[in-house]
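Just below is one structure, and these are the notes that go with it.
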Amino acid sequence: MVIIDRFRKAIKRSFVLKLNMGIMGIILVCFVAIAVILGKQSASQMEKTQMEHGILAVNRAASKIDMLMVHTENIAKINAAYIEAVKDPELRYKLVQRIVFRGITPFIKSDPCITGAGAALNPNFEEGSKLPCYNFFYNSITDKHESTKEIPQDVYTQSRWFIKAEAPDAKPFWIRPESFPETSAKKSTILYVVPMYERENKTFIGCLFIELTLREIEKALDNIHMDGTGFCFICDRDGNYIMHPSRNVEQNGNIAQHFGFSINETEKKEMIQNIRDGNECAFHLPISSVYKHGEFIFITPCENGWSMGFAVSGDMIWNKTKQLILLVGLFSLITGTTVCLLVYFFTKKYSKSLIALSKAVKDIGEGKFTVPIPKYKDKDEIGLLTRTFSNMQMELLSYLHEQELNIIAKQDYQTDLSVAKKIQMSILPKLTHEFTRDHNFRIGATLMTAKGVGGDLYDFFMADKNHLVLIIGDVCGKGIPAALFMAVTQTLQRGIAVPTKRVDKIVTELNTILYNNNDANMFVTYFCAIMDIRTGRISYCNAGHNPPFIRKESGDLIELSVRNGLPIAIFPQTYTYSETVLNPGDTLILYTDGVTEAFNPDQELFGEIRLKQAIACAMSSEPSFIIDTIIRHMNQFVRDYEQSDDITILAVTRTQEP
């Protein structure tokens with residue numbers, strides 16, 4: 001708690017610490033926001049990329065399967081065509097035996113995927129034929145040993161694959177035999193069946209088939225994975241597994257039963273419908289019995305009417321995404337910390353001179369006029385402020401010396417006021433043609449003190465190449481104290497405004513500095529505005545000052561609505577700002593209460609109504625012309641009556657592009 005209290009007190013006393021904490025806070029918030037956004041986008045892009053890789057992997061797998069199966073299909077179709085071309089039944093019978101037991105044998109021996117071949121003739125094709133009843137021929141090679149069989153017709157004629165081949169207009173097809181004990185691998189085989197017809201009358205002769213082992217196909221697909229994970233499977237259009245790494249799933253599984261428990265019924269129907277329609281699709285299954293983050297399933301159709309699937313772990317994709325998010329977060333943290341440190345050391349370096357200058361000004365304000373002003377060599381705003389105070393100190397010391405001489409020589413007190421006025425006027429900005437030559441605005445200003453010196457102030461300068469700062473203020477009281485307070489305010493505001501560029505921050509920080517160094521209990525009404533000269537947008541803040549006017553290009557006059565805060569240096573306060581737009585041809589008019597509170601010999605106030613009338617009478621929107629018109633109307637009103645308060649007017653007109 002002690003450390004926290006000390007830190008709070010340090011923040012209240014140190015403008016530099018406040019500036020650093022504010023800038024670093026904003027930077028950290030920005031980096032956190034950027035890290036969160038980049039993390040989410042990276043995760044989404046990572047998942048999208050993995051989905052695309054999965055589709056490519058399953059397409060590669062389907063292409064391999066298609067290549068293996070097309071080779072088998074061509075062998076079966078060519079040999080079936082030879083059989084169909086023979087018309088004599090006995091000759092066809094012998095040709096079938098020769099093809100099955102001799103012609104396809106080289107392919108069975110040379111291709112590890114082909115484990116057998118056979119032919120099943122239609123027993124009803126030749127009624128009264130003298131051919132034997134053994135119309136099923138099968139040839140297979142297992143463990144490098146060849147076996148040949150002739151099987152009676154009652155073994156195969158009721159098989160599903162034979163019934164399907166016997167159907168009218170049947171096309172060649174792939175099928176997995178449900179019960180075919182004569183094959184070499186039983187449930188681990190698939191058959192490519194080619195129906196054969198007599199060409200003249202399209203009568204079903206029988207079918208020729210070639211048997212493939214799924215295990216050899218699995219070997220061809222073993223190297224298809226993503227980052228060492230994933231497996232391939234094959235299913236038919238009903239979702240029944242043809243091939244799966246798990247024998248139990250392969251023999252009894254259906255894709256809807258296997259994966260469907262982790263998705264709702266709508267998604268399950270969509271998955272099955274895509275498989276039936278032969279569409280390429282991808283699904284994320286959020287629940288898995290093996291993987292914490294579910295599985296990704298990619299499915300694409302094969303040329304033979306089946307579908308090739310590829311399943312990959314969701315954990316792998318999540319781990320990659322998590323690594324990417326951690327890298328983005330770590331990079332943002334390091335970068336944000338580095339930027340904050342650079343900002344801290346940069347502001348500390350350049351604010352050191354400002355702190356020393358502020359202390360010297362405070363000592364001067366307390367009457368220690370010989371306190372040395374810290375040296376600052378650069379020609380920036382701090383350098384200008386330092387030189388201004390140095391000149392002020394020299395002028396003040398000169399004035400004090402002259403005052404002593406005046407007391408001795410009984411000279412008039414007016415000399416004192418003349419020196420102070422000279423110091424005060426030297427602080428005010430000089431209106432030069434070079435200042436407005438390259439900008440799309442014109443400025444006019446005047447300050448008439450009621451005595452030798454006064455407490456009114458105005459200022460204008462470019463915070464950067466695009467932002468014009470406008471300031472007007474009125475210090476309470478008259479004479480030298482008001483002038484000194486005005487000088488301190490005038491010089492401090494530039495050192496605050498240039499790095500900050502936030503009108504509410506400028507007024508708040510200026511109030512904090514003056515309040516903490518205000519032993520004389522003085523205050524100043526203050527109005528500050530920053531205009532973006534590119535767009536005319538003005539952000540402004542009012543600290544107990546008179547609301548300004550905007551004279552439109554059409555001649556209409558608008559009183560600028562303001563949210564008044566307390567004058568500066570009374571209490572600690574956070575100020576807020578408002579915004580408006582100054583269009584080309586519009587003029588912003590700032591003034592102190594010395595204008596509206598000017599008295600005539602009848603003790604009448606000039607007032608806001610006469611001020612508005614004077615502004616409306618101006619025949620030009622040129623700032624200097626508007627100011628001259630107001631002064632002329634005031635002089636006509638007050639006549640020879642003595643000026644009772646300082647009068648300050650600042651006007652800026654936005655023009656077209658220079």
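Going by the structure tokens order, chains are called A, B, ..., each with residues numbered from 1, while ligands are numbered from 1 in the order shown.
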What's the 8 Å shell around range 611-628 of chain A, counting only C-alpha atoms, without same-chain residues fewer than 3 positions away, as JSON, numbers by chain? {"A": [442, 443, 444, 445, 446, 551, 553, 555, 556, 557, 585, 586, 587, 595, 596, 606, 607, 608, 631, 632, 633, 649, 650, 651, 652, 653]}
Write out as an NGL selection string which residues come within 12 Å of Asp238 in chain A when counting only C-alpha atoms, dropping same-chain ones fewer than 3 positions away. :A and (234-235 or 241-242 or 253-257 or 269 or 271-278 or 305-307)
Restricting the calculation to only C-alpha atoms: of A:Asp646, A:Ile205, A:Gly495, A:Val507, which residue gets closest to Ile355 in chain A?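 For Ile355 in chain A, the nearest of the candidates is A:Gly495.
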Option closest in space to Ala463 in chain A, from A:Met531, A:Ala360, A:Ser398, A:Gln403 [counting only C-alpha atoms]: A:Met531
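Reported to one decimal place, the separation of CA of Thr266 in chain A from CA of Phe310 in chain A is 21.3 Å.
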Might you pull out every residue within 12 Å of Ser358 in chain A, with only C-alpha atoms counted and same-chain residues fewer than 5 positions away left off, and present them as a PyMOL selection string? chain A and resi 14-15+351-353+363-365+371-374+382+385-386+389+488-489+491-493+495-496+510+513-514+516-517
Next, dump the selected residues to file, keeping only N, CA and C atoms, as a short mmCIF file (atom, residue, chain, number, x, y, z; two decimals), in the first residue's frame.
```cif
data_model
loop_
_atom_site.label_atom_id
_atom_site.label_comp_id
_atom_site.auth_asym_id
_atom_site.auth_seq_id
_atom_site.Cartn_x
_atom_site.Cartn_y
_atom_site.Cartn_z
N SER A 14 4.09 14.55 -11.29
CA SER A 14 4.97 14.45 -12.46
C SER A 14 4.16 14.40 -13.75
N PHE A 15 4.32 15.42 -14.56
CA PHE A 15 3.71 15.43 -15.89
C PHE A 15 4.35 14.37 -16.78
N SER A 351 12.02 15.45 -21.57
CA SER A 351 11.25 16.17 -20.56
C SER A 351 12.13 16.64 -19.41
N LYS A 352 13.37 16.16 -19.35
CA LYS A 352 14.26 16.56 -18.28
C LYS A 352 14.49 18.07 -18.30
N SER A 353 14.68 18.60 -19.49
CA SER A 353 14.89 20.04 -19.62
C SER A 353 13.64 20.81 -19.24
N ASP A 363 10.79 29.19 -9.27
CA ASP A 363 11.66 30.02 -8.42
C ASP A 363 11.57 31.49 -8.81
N ILE A 364 11.52 31.74 -10.11
CA ILE A 364 11.39 33.12 -10.57
C ILE A 364 10.06 33.70 -10.10
N GLY A 365 9.00 32.86 -10.18
CA GLY A 365 7.70 33.33 -9.71
C GLY A 365 7.68 33.61 -8.23
N VAL A 371 17.87 33.08 -10.43
CA VAL A 371 18.04 31.64 -10.62
C VAL A 371 18.44 31.38 -12.08
N PRO A 372 19.51 30.59 -12.32
CA PRO A 372 19.93 30.37 -13.72
C PRO A 372 18.92 29.52 -14.49
N ILE A 373 18.63 29.94 -15.72
CA ILE A 373 17.75 29.17 -16.60
C ILE A 373 18.57 28.03 -17.21
N PRO A 374 18.07 26.77 -17.16
CA PRO A 374 18.85 25.65 -17.72
C PRO A 374 19.11 25.84 -19.22
N ILE A 382 10.83 23.40 -26.86
CA ILE A 382 11.45 23.54 -25.54
C ILE A 382 12.57 24.56 -25.59
N LEU A 385 10.97 27.90 -25.63
CA LEU A 385 10.48 28.21 -24.29
C LEU A 385 11.64 28.62 -23.38
N THR A 386 12.75 27.88 -23.48
CA THR A 386 13.91 28.21 -22.64
C THR A 386 14.45 29.59 -22.97
N PHE A 389 12.07 32.32 -21.67
CA PHE A 389 12.20 32.57 -20.24
C PHE A 389 13.54 33.22 -19.90
N VAL A 488 3.83 32.45 -17.76
CA VAL A 488 4.04 31.04 -17.43
C VAL A 488 3.08 30.15 -18.22
N THR A 489 1.82 30.58 -18.25
CA THR A 489 0.82 29.82 -19.01
C THR A 489 1.17 29.77 -20.49
N THR A 491 4.00 30.04 -22.01
CA THR A 491 5.18 29.26 -22.39
C THR A 491 5.00 27.76 -22.12
N LEU A 492 4.29 27.44 -21.04
CA LEU A 492 4.08 26.02 -20.73
C LEU A 492 3.20 25.33 -21.76
N GLN A 493 2.25 26.05 -22.30
CA GLN A 493 1.25 25.39 -23.15
C GLN A 493 1.88 24.80 -24.42
N GLY A 495 4.96 23.54 -24.71
CA GLY A 495 5.67 22.33 -24.35
C GLY A 495 4.74 21.15 -24.12
N ILE A 496 3.51 21.46 -23.74
CA ILE A 496 2.53 20.39 -23.53
C ILE A 496 1.84 20.02 -24.83
N LEU A 510 -2.03 21.21 -18.35
CA LEU A 510 -1.70 22.59 -18.00
C LEU A 510 -2.32 22.95 -16.66
N ILE A 513 -0.20 21.32 -13.85
CA ILE A 513 1.08 21.99 -13.59
C ILE A 513 0.87 23.32 -12.87
N LEU A 514 -0.07 24.14 -13.37
CA LEU A 514 -0.30 25.45 -12.76
C LEU A 514 -0.90 25.32 -11.37
N ASN A 516 -0.38 22.85 -9.24
CA ASN A 516 0.66 22.40 -8.31
C ASN A 516 1.71 23.47 -8.03
N ASN A 517 1.76 24.51 -8.83
CA ASN A 517 2.75 25.58 -8.65
C ASN A 517 2.06 26.93 -8.53
#
```
Report the residues of range 451-561 of chain A whose backbone DSSP state falls under alpha helix (DSSP H), written as a ChimeraX atom specification. /A:479-500,503-516
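Using only C-alpha atoms, the nearest neighbour of Cys476 in chain A within the list A:Leu428, A:Leu457, A:Ile538, A:Met634 is A:Leu457.
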Contact residues around Glu280 in chain A with only C-alpha atoms at 7 Å, ignoring same-chain residues under 3 positions, as an MDAnalysis selection string: chainID A and resid 299:301
Could you name the residues that touch Ala529 in chain A at 7 Å or less, counting only C-alpha atoms, but leaving out those on the same chain fewer than 3 positions away, as an NGL selection string? :A and (469-471 or 503 or 538-541)
Output of the above residues as a PDB file, in the first residue's frame, restricted to C-alpha atoms:
```
ATOM      1  CA  VAL A 469      -3.340  25.040 -32.244  1.00  0.00           C
ATOM      2  CA  LEU A 470      -5.407  28.114 -31.206  1.00  0.00           C
ATOM      3  CA  ILE A 471      -5.402  29.393 -27.603  1.00  0.00           C
ATOM      4  CA  VAL A 503      -6.897  19.296 -26.660  1.00  0.00           C
ATOM      5  CA  ILE A 538     -11.837  21.308 -34.777  1.00  0.00           C
ATOM      6  CA  SER A 539     -11.593  19.700 -31.357  1.00  0.00           C
ATOM      7  CA  TYR A 540     -11.894  22.254 -28.560  1.00  0.00           C
ATOM      8  CA  CYS A 541     -11.979  22.490 -24.796  1.00  0.00           C
TER       9      CYS A 541
END
```
Name the residues of range 333-578 of chain A that fall into strand (DSSP E or B) according to DSSP on the backbone, using the chain letters and numbers of this document, as a ChimeraX atom specification. /A:441-448,456-464,467-475,524-532,537-543,549-551,557-559,565,568,578
Suppose you want the space between CA of Ile26 in chain A and CA of Asp464 in chain A; what is it in Å? 20.8 Å
